[in-house]
file query.cif (mmCIF, C-alpha atoms)
data_structure
loop_
_atom_site.label_atom_id
_atom_site.label_comp_id
_atom_site.auth_asym_id
_atom_site.auth_seq_id
_atom_site.Cartn_x
_atom_site.Cartn_y
_atom_site.Cartn_z
CA MET A 422 0.00 0.00 0.00
CA ARG A 423 2.81 2.33 0.93
CA LYS A 424 4.59 1.59 -2.36
CA VAL A 425 1.56 2.59 -4.46
CA HIS A 426 1.16 5.73 -2.44
CA CYS A 427 4.80 6.68 -3.02
CA TRP A 428 4.62 5.89 -6.71
CA LEU A 429 1.63 8.16 -7.15
CA LEU A 430 3.13 11.02 -5.21
CA ARG A 431 6.54 10.79 -6.80
CA ARG A 432 5.05 11.70 -10.15
CA LYS A 433 3.94 14.98 -8.67
CA LEU A 434 7.03 16.04 -6.74
CA SER A 435 8.19 18.35 -9.49
CA ALA A 436 4.83 20.12 -9.68
CA PHE A 437 4.85 20.26 -5.87
CA LEU A 438 8.20 22.01 -5.98
CA ASP A 439 6.79 24.54 -8.46
CA GLY A 440 3.64 25.06 -6.42
CA GLU A 441 1.46 23.94 -9.31
CA LEU A 442 -0.63 21.37 -7.42
CA PRO A 443 -4.17 21.58 -6.07
CA VAL A 444 -4.33 22.08 -2.31
CA ALA A 445 -5.55 18.52 -1.60
CA VAL A 446 -2.61 16.84 -3.35
CA LYS A 447 -0.20 19.37 -1.95
CA THR A 448 -1.35 18.57 1.58
CA LYS A 449 -0.96 14.86 0.98
CA ILE A 450 2.63 15.32 -0.12
CA GLU A 451 3.38 17.66 2.76
CA LEU A 452 2.14 15.01 5.16
CA HIS A 453 3.90 12.16 3.38
CA LEU A 454 7.36 13.61 2.82
CA PRO A 455 8.55 13.74 6.47
CA THR A 456 7.56 10.09 6.90
CA CYS A 457 9.21 8.59 3.79
CA GLY A 458 12.98 8.62 3.40
CA SER A 459 13.09 7.59 -0.29
CA CYS A 460 10.54 10.20 -1.36
CA GLN A 461 12.44 12.77 0.64
CA ALA A 462 15.66 11.85 -1.14
CA LEU A 463 13.98 12.06 -4.53
CA TYR A 464 12.49 15.43 -3.72
CA ALA A 465 15.89 16.67 -2.63
CA SER A 466 17.38 15.43 -5.88
CA ILE A 467 14.72 17.20 -7.96
CA GLU A 468 15.17 20.37 -6.01
CA ALA A 469 18.93 20.22 -6.39
CA ALA A 470 18.59 19.62 -10.14
CA GLN A 471 16.42 22.68 -10.43
CA GLN A 472 18.85 24.80 -8.44
CA THR A 473 21.77 23.54 -10.47
CA ILE A 474 20.17 24.51 -13.77
CA ARG A 475 19.49 27.94 -12.36
CA GLU A 476 23.17 28.26 -11.59
CA LEU A 477 24.06 28.22 -15.26
CA PRO A 478 24.94 31.68 -16.51
CA ARG A 479 22.73 33.28 -19.10
CA LEU A 480 24.29 33.43 -22.53
CA GLN A 481 24.10 36.49 -24.71
CA PRO A 482 24.51 36.83 -28.46
CA ARG A 483 27.60 38.48 -29.84
CA GLU A 484 25.56 41.02 -31.75
CA ARG A 485 22.09 42.41 -31.57
CA PHE A 486 19.72 41.69 -34.43
CA SER A 487 16.95 44.16 -33.85
CA VAL A 488 18.45 47.21 -35.55
CA GLY A 489 19.17 45.35 -38.74
CA LEU A 490 15.69 43.95 -38.88
CA GLN A 491 13.95 47.19 -38.10
CA VAL A 492 15.35 49.04 -41.08
CA VAL A 493 14.28 46.38 -43.58
CA PRO A 494 10.70 46.88 -44.78
CA THR A 495 8.65 43.79 -44.02
CA GLY A 496 7.08 43.54 -47.46
CA THR A 497 10.38 43.52 -49.29
CA VAL A 498 11.98 40.91 -47.10
CA GLN A 499 8.91 38.74 -47.15
CA ALA A 500 8.36 38.93 -50.87
CA SER A 501 11.99 38.45 -51.83
CA THR A 502 12.47 35.59 -49.42
CA LEU A 503 9.33 33.92 -50.68
CA ARG A 504 10.40 34.47 -54.28
CA VAL A 505 13.78 32.88 -53.61
CA ARG A 506 12.22 29.96 -51.77
CA ARG A 507 9.61 29.46 -54.46
CA ALA A 508 12.28 29.48 -57.16
CA ALA A 509 14.44 27.06 -55.17
CA ARG A 510 11.47 24.78 -54.65
CA TRP A 511 10.65 24.93 -58.36
CA VAL A 512 14.25 24.12 -59.34
CA ALA A 513 14.39 21.25 -56.84
CA SER A 514 11.10 19.74 -57.97
CA THR A 515 12.03 20.08 -61.66
CA ALA A 516 15.38 18.44 -61.00
CA MET A 517 13.67 15.61 -59.14
CA VAL A 518 11.19 15.03 -61.96
CA ALA A 519 14.00 15.07 -64.54
CA ALA A 520 16.07 12.62 -62.48
CA LEU A 521 13.07 10.36 -62.07
CA ALA A 522 12.30 10.44 -65.79
CA PHE A 523 15.95 9.68 -66.56
CA ALA A 524 15.96 6.74 -64.13
CA ILE A 525 12.72 5.35 -65.60
CA ASN A 526 14.14 5.77 -69.07
CA LEU A 527 17.26 3.84 -68.07
CA ALA A 528 15.29 1.12 -66.34
CA PHE A 529 12.85 0.53 -69.17
CA LYS A 530 14.99 1.45 -72.11
CA GLN A 531 13.89 -0.54 -75.14
CA PRO A 532 16.80 -1.53 -77.33
CA GLN A 533 16.11 -2.07 -80.98
CA THR A 534 17.16 -4.88 -83.23
CA SER A 535 18.92 -4.16 -86.47
CA SER A 536 15.61 -4.34 -88.34
CA GLY A 537 14.04 -1.81 -86.03
CA ILE A 538 11.85 -4.30 -84.22
CA VAL A 539 11.34 -3.19 -80.67
CA VAL A 540 12.38 -5.78 -78.15
CA GLN A 541 12.05 -5.57 -74.43
CA ALA A 542 13.92 -7.04 -71.55
CA TYR A 543 12.12 -10.05 -70.22
CA ALA A 544 13.03 -12.05 -67.19
CA LEU A 545 12.58 -15.73 -67.83
CA ASP A 546 11.04 -17.80 -65.13
CA MET A 547 12.88 -20.85 -66.19
CA GLU A 548 16.07 -18.88 -66.71
CA MET A 549 16.66 -20.18 -70.12
CA TYR A 550 19.70 -18.59 -71.64
CA LEU A 551 20.42 -19.13 -75.25
CA ASP A 552 23.79 -17.95 -76.43
CA GLY A 553 25.19 -17.94 -72.93
CA VAL A 554 28.98 -18.07 -72.88
CA SER A 555 29.23 -20.29 -69.84
CA ARG A 556 27.21 -21.86 -67.07
CA ASP A 557 28.62 -19.36 -64.68
CA ARG A 558 25.70 -17.50 -63.17
CA SER A 559 27.30 -14.09 -63.23
CA GLN A 560 28.28 -14.53 -66.85
CA LEU A 561 24.85 -15.69 -67.79
CA ASP A 562 23.18 -12.81 -66.09
CA ARG A 563 25.02 -10.47 -68.40
CA PHE A 564 23.59 -12.32 -71.34
CA ALA A 565 20.04 -12.07 -70.13
CA GLU A 566 17.89 -12.37 -73.16
CA LEU A 567 15.76 -9.76 -74.74
CA TYR A 568 12.40 -11.01 -75.73
CA GLU A 569 10.13 -9.47 -78.23
CA SER A 570 6.95 -8.01 -76.96
CA ARG A 571 4.94 -9.21 -79.95
CA PRO A 572 5.00 -12.28 -82.14
CA VAL A 573 6.24 -11.95 -85.70
CA SER A 574 5.32 -13.95 -88.77
CA LEU A 575 7.45 -16.92 -89.68
CA GLU A 576 8.65 -15.10 -92.79
CA GLU A 577 9.82 -12.14 -90.78
CA ALA A 578 11.57 -14.40 -88.28
CA GLN A 579 13.17 -16.34 -91.08
CA ALA A 580 14.57 -13.10 -92.54
CA HIS A 581 16.49 -12.46 -89.32
CA VAL A 582 18.02 -15.80 -88.53
CA GLY A 583 20.79 -17.55 -90.41
CA PHE A 584 19.29 -21.03 -90.43
CA GLN A 585 16.15 -22.72 -91.70
CA ILE A 586 13.37 -22.53 -89.13
CA ASP A 587 11.37 -25.71 -88.66
CA ALA A 588 7.86 -24.84 -87.63
CA PRO A 589 5.28 -27.54 -88.16
CA ALA A 590 1.72 -26.32 -87.80
CA GLN A 591 0.78 -29.20 -85.52
CA LEU A 592 2.69 -31.12 -82.86
CA PRO A 593 1.82 -34.36 -81.05
CA GLY A 594 -0.45 -33.92 -78.06
CA GLY A 595 -2.79 -31.49 -79.83
CA PHE A 596 -0.37 -28.54 -79.86
CA SER A 597 -0.81 -25.99 -82.61
CA PHE A 598 1.47 -23.18 -83.67
CA ALA A 599 0.73 -19.90 -81.86
CA GLY A 600 3.51 -17.57 -82.96
CA ALA A 601 7.18 -16.93 -83.45
CA TYR A 602 9.25 -14.57 -81.34
CA LEU A 603 12.63 -13.24 -82.30
CA LEU A 604 15.31 -13.38 -79.69
CA LYS A 605 18.24 -11.04 -79.67
CA SER A 606 20.97 -12.59 -77.66
CA GLY A 607 24.39 -11.10 -77.96
CA CYS A 608 25.90 -11.93 -81.34
CA CYS A 609 23.14 -13.99 -82.93
CA HIS A 610 19.44 -14.13 -83.51
CA ALA A 611 17.41 -17.04 -82.31
CA VAL A 612 13.74 -17.80 -82.53
CA ARG A 613 11.21 -19.09 -80.07
CA LEU A 614 8.20 -20.92 -81.46
CA ARG A 615 5.21 -20.98 -79.21
CA TYR A 616 2.83 -23.94 -79.40
CA GLN A 617 -0.39 -24.07 -77.43
CA ARG A 618 -3.20 -26.35 -76.59
CA TYR A 619 -5.95 -25.95 -74.00
CA GLY A 620 -4.24 -25.42 -70.64
CA ALA A 621 -0.66 -26.04 -71.80
CA GLU A 622 2.14 -24.38 -73.66
CA MET A 623 5.35 -25.55 -75.21
CA ASP A 624 8.30 -23.49 -76.43
CA VAL A 625 10.69 -24.59 -79.09
CA PHE A 626 13.89 -22.58 -79.27
CA GLN A 627 16.03 -22.69 -82.36
CA GLN A 628 19.41 -21.06 -82.70
CA PRO A 629 22.61 -21.34 -84.79
CA LYS A 630 24.70 -24.36 -83.97
CA GLY A 631 27.78 -23.93 -81.83
CA HIS A 632 26.36 -21.64 -79.19
CA PRO A 633 26.29 -23.20 -75.77
CA VAL A 634 22.96 -23.60 -74.07
CA SER A 635 22.31 -23.42 -70.37
CA PHE A 636 19.07 -24.16 -68.67
CA GLY A 637 18.09 -22.94 -65.26
CA SER A 638 20.40 -21.87 -62.48
CA LYS A 639 20.88 -25.38 -61.12
CA PRO A 640 19.58 -27.78 -63.74
CA LYS A 641 19.36 -31.44 -62.94
CA PHE A 642 20.42 -33.58 -65.90
CA ILE A 643 18.37 -36.69 -66.36
CA PRO A 644 18.72 -39.57 -68.82
CA ALA A 645 17.07 -38.67 -72.09
CA ARG A 646 14.58 -41.03 -73.68
CA LEU A 647 15.94 -40.22 -77.12
CA PRO A 648 19.46 -40.77 -78.44
CA GLN A 649 21.65 -37.74 -79.25
CA CYS A 650 19.59 -35.65 -76.86
CA GLN A 651 20.20 -34.10 -73.49
CA CYS A 652 17.44 -33.72 -70.98
CA ALA A 653 17.47 -31.41 -67.98
CA ARG A 654 14.98 -30.45 -65.36
CA SER A 655 14.80 -27.15 -63.53
CA GLY A 656 11.89 -26.46 -61.28
CA LEU A 657 8.73 -27.54 -63.08
CA HIS A 658 10.27 -27.24 -66.52
CA GLN A 659 11.74 -29.98 -68.68
CA ALA A 660 14.17 -29.13 -71.45
CA TYR A 661 15.22 -31.34 -74.32
CA TYR A 662 18.28 -30.26 -76.24
CA TRP A 663 19.61 -31.67 -79.48
CA GLU A 664 21.45 -30.54 -82.58
CA THR A 665 20.93 -30.90 -86.27
CA PRO A 666 23.70 -30.24 -88.84
CA SER A 667 22.63 -26.59 -89.10
CA LYS A 668 21.16 -25.59 -85.78
CA ALA A 669 20.43 -26.40 -82.16
CA LEU A 670 16.94 -26.94 -80.80
CA VAL A 671 15.58 -26.80 -77.28
CA VAL A 672 12.06 -27.82 -76.30
CA VAL A 673 10.93 -26.44 -72.99
CA SER A 674 7.71 -27.29 -71.24
CA THR A 675 6.17 -28.06 -67.90
CA LEU A 676 4.59 -31.20 -69.36
CA PRO A 677 5.84 -34.69 -68.43
CA GLU A 678 9.06 -35.74 -70.06
CA ARG A 679 7.36 -38.38 -72.20
CA GLU A 680 5.17 -35.79 -73.92
CA VAL A 681 8.18 -33.57 -74.50
CA ALA A 682 10.03 -36.50 -75.99
CA ASP A 683 7.15 -37.02 -78.46
CA VAL A 684 7.45 -33.43 -79.59
CA VAL A 685 11.20 -33.78 -80.01
CA ASN A 686 10.62 -36.87 -82.05
CA ALA A 687 8.22 -34.98 -84.30
CA PHE A 688 10.88 -32.32 -84.92
CA ALA A 689 13.63 -34.86 -85.44
CA HIS A 690 11.56 -36.95 -87.85
CA PRO A 691 9.15 -34.58 -89.54
CA GLU A 692 8.32 -37.22 -92.14
CA GLN A 693 6.39 -39.22 -89.50
CA GLU A 694 2.70 -38.50 -89.22
CA VAL A 695 1.59 -36.52 -86.23
CA ARG A 696 -0.48 -38.58 -83.82
CA MET B 969 -2.18 63.04 -34.82
CA ASP B 970 -0.33 59.89 -33.83
CA SER B 971 -0.13 57.25 -36.52
CA PRO B 972 -0.78 53.65 -35.42
CA PRO B 973 2.43 51.75 -34.71
CA LYS B 974 3.72 49.88 -37.72
CA PRO B 975 3.78 46.10 -37.42
CA THR B 976 7.52 45.93 -38.07
CA GLU B 977 8.18 48.37 -35.27
CA GLN B 978 6.14 46.28 -32.87
CA LEU B 979 8.06 43.24 -33.87
CA GLY B 980 11.34 45.15 -33.53
CA GLU B 981 10.35 46.01 -29.99
CA LEU B 982 9.62 42.38 -29.27
CA PHE B 983 13.01 41.38 -30.61
CA GLN B 984 14.65 44.01 -28.55
CA ASN B 985 12.99 42.76 -25.38
CA TYR B 986 13.33 39.03 -25.82
CA GLN B 987 16.33 38.32 -27.96
CA ASP B 988 18.63 37.67 -25.00
CA SER B 989 16.19 35.20 -23.47
CA LEU B 990 15.59 33.53 -26.79
CA PHE B 991 19.28 33.27 -27.51
CA ASN B 992 20.00 31.74 -24.12
CA MET B 993 17.22 29.19 -24.55
CA ILE B 994 18.30 28.31 -28.10
CA ALA B 995 21.98 27.98 -27.20
CA ARG B 996 21.21 25.71 -24.26
CA LEU B 997 18.75 23.69 -26.30
CA ILE B 998 21.00 23.05 -29.31
CA GLY B 999 24.20 22.97 -27.25
CA SER B 1000 26.23 25.30 -29.43
CA TYR B 1001 26.98 28.96 -28.84
CA ASP B 1002 28.04 29.66 -32.42
CA GLU B 1003 25.18 27.88 -34.13
CA ALA B 1004 22.69 29.55 -31.79
CA HIS B 1005 23.29 32.81 -33.67
CA ASP B 1006 22.10 31.21 -36.88
CA VAL B 1007 19.06 29.70 -35.22
CA LEU B 1008 18.19 33.02 -33.60
CA GLN B 1009 18.45 34.72 -36.97
CA GLU B 1010 16.22 32.05 -38.51
CA THR B 1011 13.77 32.57 -35.66
CA PHE B 1012 13.60 36.29 -36.35
CA LEU B 1013 13.24 35.72 -40.05
CA ARG B 1014 10.36 33.31 -39.55
CA ALA B 1015 8.76 35.68 -37.08
CA LEU B 1016 9.09 38.49 -39.59
CA GLN B 1017 7.49 36.38 -42.29
CA GLY B 1018 4.67 35.25 -40.02
CA TRP B 1019 4.09 38.59 -38.33
CA GLY B 1020 1.37 39.53 -40.80
CA HIS B 1021 -0.55 36.36 -39.92
CA PHE B 1022 -0.13 36.71 -36.17
CA ARG B 1023 -3.58 37.55 -34.80
CA GLY B 1024 -2.63 38.00 -31.20
CA GLN B 1025 -4.42 34.90 -30.01
CA ALA B 1026 -1.31 33.95 -28.03
CA GLU B 1027 1.03 36.19 -26.09
CA PRO B 1028 3.66 37.61 -28.46
CA ARG B 1029 6.38 36.29 -26.15
CA THR B 1030 4.91 32.78 -26.23
CA TRP B 1031 4.61 33.02 -29.99
CA LEU B 1032 8.28 33.99 -30.31
CA TYR B 1033 9.40 31.19 -28.00
CA ARG B 1034 7.37 28.71 -29.99
CA ILE B 1035 9.09 29.75 -33.21
CA ALA B 1036 12.47 29.57 -31.49
CA VAL B 1037 11.81 26.07 -30.16
CA ASN B 1038 10.64 24.88 -33.58
CA CYS B 1039 13.71 26.39 -35.26
CA SER B 1040 15.93 24.69 -32.68
CA TYR B 1041 14.26 21.33 -33.24
CA THR B 1042 14.69 21.74 -36.99
CA HIS B 1043 18.33 22.61 -36.46
CA LEU B 1044 18.87 19.57 -34.23
CA LYS B 1045 17.18 17.33 -36.77
CA LYS B 1046 19.38 18.63 -39.56
CA ALA B 1047 22.44 18.24 -37.37
CA GLN B 1048 21.63 14.60 -36.61
CA GLY B 1049 23.19 13.32 -39.79
CA ARG B 1050 26.50 15.14 -39.47
CA THR B 1051 29.15 14.93 -36.85
CA ARG B 1052 28.61 17.75 -34.51
CA SER B 1053 30.74 18.82 -31.67
CA VAL B 1054 28.73 20.01 -28.74
CA ASN B 1055 30.06 23.13 -27.21
CA TRP B 1056 30.22 22.20 -23.56
CA GLU B 1057 31.76 25.51 -22.62
CA LEU B 1058 28.38 27.17 -22.65
CA THR B 1059 29.25 29.24 -19.70
CA ALA B 1060 30.17 32.84 -19.28
CA VAL B 1061 33.59 33.62 -20.66
CA PRO B 1062 35.88 33.82 -17.62
CA THR B 1063 37.68 37.05 -17.09
CA ALA B 1064 41.44 37.05 -16.63
CA SER B 1065 41.26 37.58 -12.93
CA GLN B 1066 38.72 34.79 -12.49
CA ALA B 1067 40.72 32.32 -14.49
CA GLN B 1068 43.72 32.88 -12.30
CA THR B 1069 42.11 31.52 -9.23
CA GLU B 1070 41.71 27.82 -8.65
CA GLN B 1071 38.21 28.35 -7.35
CA ALA B 1072 37.16 29.87 -10.63
CA LEU B 1073 38.53 26.92 -12.55
CA VAL B 1074 36.64 24.47 -10.35
CA GLU B 1075 33.49 26.50 -10.85
CA GLU B 1076 34.01 26.52 -14.61
CA GLU B 1077 34.40 22.76 -14.62
CA ARG B 1078 31.25 22.37 -12.59
CA LYS B 1079 29.25 24.49 -15.00
CA ARG B 1080 30.62 22.53 -17.92
CA LEU B 1081 29.46 19.31 -16.31
CA ILE B 1082 26.02 20.76 -15.68
CA ALA B 1083 25.79 21.77 -19.33
CA ARG B 1084 26.83 18.27 -20.32
CA ALA B 1085 24.20 16.68 -18.08
CA LEU B 1086 21.57 19.00 -19.52
CA HIS B 1087 22.55 18.14 -23.05
CA SER B 1088 22.31 14.44 -22.37
CA LEU B 1089 18.53 14.80 -22.05
CA LYS B 1090 16.26 14.38 -25.05
CA PRO B 1091 15.43 17.71 -26.76
CA GLU B 1092 11.81 17.65 -25.57
CA LEU B 1093 12.87 17.13 -21.94
CA ARG B 1094 15.65 19.67 -22.28
CA SER B 1095 13.28 22.28 -23.64
CA VAL B 1096 10.77 21.90 -20.83
CA VAL B 1097 13.49 22.18 -18.18
CA LEU B 1098 14.98 25.24 -19.85
CA LEU B 1099 11.66 26.99 -20.24
CA ARG B 1100 10.75 26.39 -16.64
CA ASP B 1101 13.99 26.66 -14.71
CA MET B 1102 15.96 29.12 -16.81
CA GLU B 1103 13.26 31.20 -18.43
CA GLU B 1104 10.93 30.82 -15.45
CA LEU B 1105 7.80 30.52 -17.55
CA SER B 1106 4.52 29.24 -16.12
CA TYR B 1107 3.16 25.79 -16.91
CA GLU B 1108 0.45 27.40 -19.07
CA GLU B 1109 2.99 29.31 -21.12
CA ILE B 1110 5.15 26.20 -21.56
CA ALA B 1111 2.11 24.23 -22.63
CA ALA B 1112 1.30 26.89 -25.22
CA ILE B 1113 4.88 27.02 -26.51
CA LEU B 1114 5.40 23.29 -26.79
CA GLY B 1115 1.84 22.46 -27.79
CA TRP B 1116 1.34 20.06 -24.91
CA SER B 1117 -1.35 19.74 -22.27
CA LEU B 1118 -0.70 20.94 -18.73
CA GLY B 1119 -0.51 17.35 -17.49
CA THR B 1120 2.11 16.51 -20.09
CA VAL B 1121 4.17 19.53 -19.11
CA ALA B 1122 4.06 18.48 -15.45
CA SER B 1123 4.91 14.84 -16.07
CA ARG B 1124 7.72 15.57 -18.54
CA LEU B 1125 9.18 18.20 -16.28
CA ASN B 1126 9.13 15.70 -13.42
CA ARG B 1127 10.84 13.09 -15.59
CA ALA B 1128 13.40 15.57 -16.88
CA ARG B 1129 14.35 16.73 -13.40
CA ARG B 1130 14.63 13.19 -12.06
CA LEU B 1131 16.86 12.21 -14.98
CA LEU B 1132 18.89 15.35 -14.59
CA GLY B 1133 19.35 14.64 -10.88
CA LYS B 1134 20.66 11.16 -11.70
CA LYS B 1135 23.05 12.48 -14.38
CA LEU B 1136 24.36 15.20 -12.12
CA LYS B 1137 24.97 12.68 -9.37
CA ALA B 1138 26.75 10.38 -11.78
CA LEU B 1139 28.98 13.27 -12.91
CA GLY B 1140 29.71 14.15 -9.29
CA VAL B 1141 28.15 17.60 -9.49
CA MET B 1142 25.60 16.96 -6.75
#
call {"tool": "encode", "arguments": {"input": "query.cif", "output": "structure tokens"}}
result
Amino acid sequence: MRKVHCWLLRRKLSAFLDGELPVAVKTKIELHLPTCGSCQALYASIEAAQQTIRELPRLQPRERFSVGLQVVPTGTVQASTLRVRRAARWVASTAMVAALAFAINLAFKQPQTSSGIVVQAYALDMEMYLDGVSRDRSQLDRFAELYESRPVSLEEAQAHVGFQIDAPAQLPGGFSFAGAYLLKSGCCHAVRLRYQRYGAEMDVFQQPKGHPVSFGSKPKFIPARLPQCQCARSGLHQAYYWETPSKALVVVSTLPEREVADVVNAFAHPEQEVR
Amino acid sequence: MDSPPKPTEQLGELFQNYQDSLFNMIARLIGSYDEAHDVLQETFLRALQGWGHFRGQAEPRTWLYRIAVNCSYTHLKKAQGRTRSVNWELTAVPTASQAQTEQALVEEERKRLIARALHSLKPELRSVVLLRDMEELSYEEIAAILGWSLGTVASRLNRARRLLGKKLKALGVM
């Protein structure tokens, strides 16, 4: 009980010292202080702190400001100061907008291919890098591909690449051709053929032979069902890689490996009838 | 026929009357004698700019103190990022005769320690102590200057003095 009483009164010792308390509280403290050693000590400490601060000498400025201010007409000072501030604010905001626009321009700059087709940077989920110089992650990042924002016709794509594009209209599993996308990757052009069926997609990459291919950041290589092929898995995606005398092909899909192998087979042996 | 006093003249009179008090409060609050001149100047400039809008709802002195406290806070906020040496020698410049005596040196050291203890408080606690114990303003005036309620003024003043007492004891001043 005594503790609570002390705690309540201690919060008011400073106001008690300043005489800022109502009479009732003041009386309570006056009655309590002589009976409680710790409260007495605290009060003495507060009082001493107050006295000590009062001991500090008053500081004075080196010069007086009033004369200088009195001779300056208020309107002039106010208007000129406001004008300067407004101009500074305008310059600062303009500079900020310009810097922001420059940064946005840098971030979303759209490089152009030699034919003037606008391509845009595109981050691949499956981290498929065609024309990568090595499997080293930092190297590959520098060769991040630029994907086209719109599909082009097969004729247009063919005009840009140095190999014959194979693009059957139909693929096993009910996939039909949905569009060709030009890829600009470093020194060569490649093409991505998009095939679709209800609820599934399949990409067929084709590029000049001799350029290394990497797939995913940590691909897991699995035995391929087909000879002369490599098969890798990264995340949900399967990739089948093989080469013809003129080019390299990669089929990428989230479908089971067997279905992917059927597609590869259709590309490798186009003379066979599509099931 | 007497013309009504011009606003600038009224303000000039206010400056004349209160600039020493304002300077003392600012210097103790920001902890730098030199920089206090700049803050005082900024205070006067802001007062001059706002004088046309001042409707006399508060006491002119309270209004000036409020501007000074705000300018000091702004200055402290700006100074947070940079290395800033606190001028502990915020005491009266000792005269030659004073400095010669050992007693004067001891007294100087004591005042320096008090200034250091004061500066170790948070700005809001420092300001309430300064306004009350150095400027001897009432709780109502302090509440108007700092924009607090009377209860807040009382409780923060109590906390500030208790903390100050502890610091002074730790520094061996009390």
call {"tool": "closest_residue", "arguments": {"input": "query.cif", "among": "A:Cys650, A:Ile643, A:Ile586, A:Phe626", "to": "A:Val672", "atoms": "only C-alpha atoms"}}
result
A:Phe626
call {"tool": "interface_residues", "arguments": {"input": "query.cif", "of": "chain B", "to": "chain A", "cutoff": "6 Å", "atoms": "only C-alpha atoms", "output": "PyMOL selection string"}}
result
chain B and resi 980+983-984+988+992+1017+1059+1102+1126+1129-1130+1133
call {"tool": "resolve_selection", "arguments": {"input": "query.cif", "expression": "the PyMOL selection byres ((chain A and resi 618) around 10)", "output": "ChimeraX atom specification"}}
result
/A:592,594-599,616-617,619-623
call {"tool": "residues_near_point", "arguments": {"input": "query.cif", "point": "(10.0, -41.4, -72.7)", "cutoff": "6 Å", "atoms": "all atoms listed in the file", "output": "list in words"}}
result
Arg646, Arg679 and Ala682 of chain A
call {"tool": "residues_around", "arguments": {"input": "query.cif", "residues": "B:Asp1002", "least_positions_apart": "3", "cutoff": "10 Å", "atoms": "all atoms listed in the file", "output": "JSON, numbers by chain"}}
result
{"A": [482, 483], "B": [995, 999, 1005, 1006, 1007, 1055]}
call {"tool": "atom_distance", "arguments": {"input": "query.cif", "atom1": "atom CA of B:Ser1123", "atom2": "atom CA of B:Leu1086"}}
result
17.5 Å
call {"tool": "residues_near_point", "arguments": {"input": "query.cif", "point": "(-2.9, 24.9, -16.8)", "cutoff": "7 Å", "atoms": "only C-alpha atoms", "output": "list of chain:residue names"}}
result
B:Tyr1107, B:Glu1108, B:Leu1118
call {"tool": "atom_distance", "arguments": {"input": "query.cif", "atom1": "atom CA of A:Glu680", "atom2": "atom CA of A:Ala645"}}
result
12.4 Å
call {"tool": "atom_distance", "arguments": {"input": "query.cif", "atom1": "atom CA of B:Thr1042", "atom2": "atom CA of A:Ala513"}}
result
19.9 Å
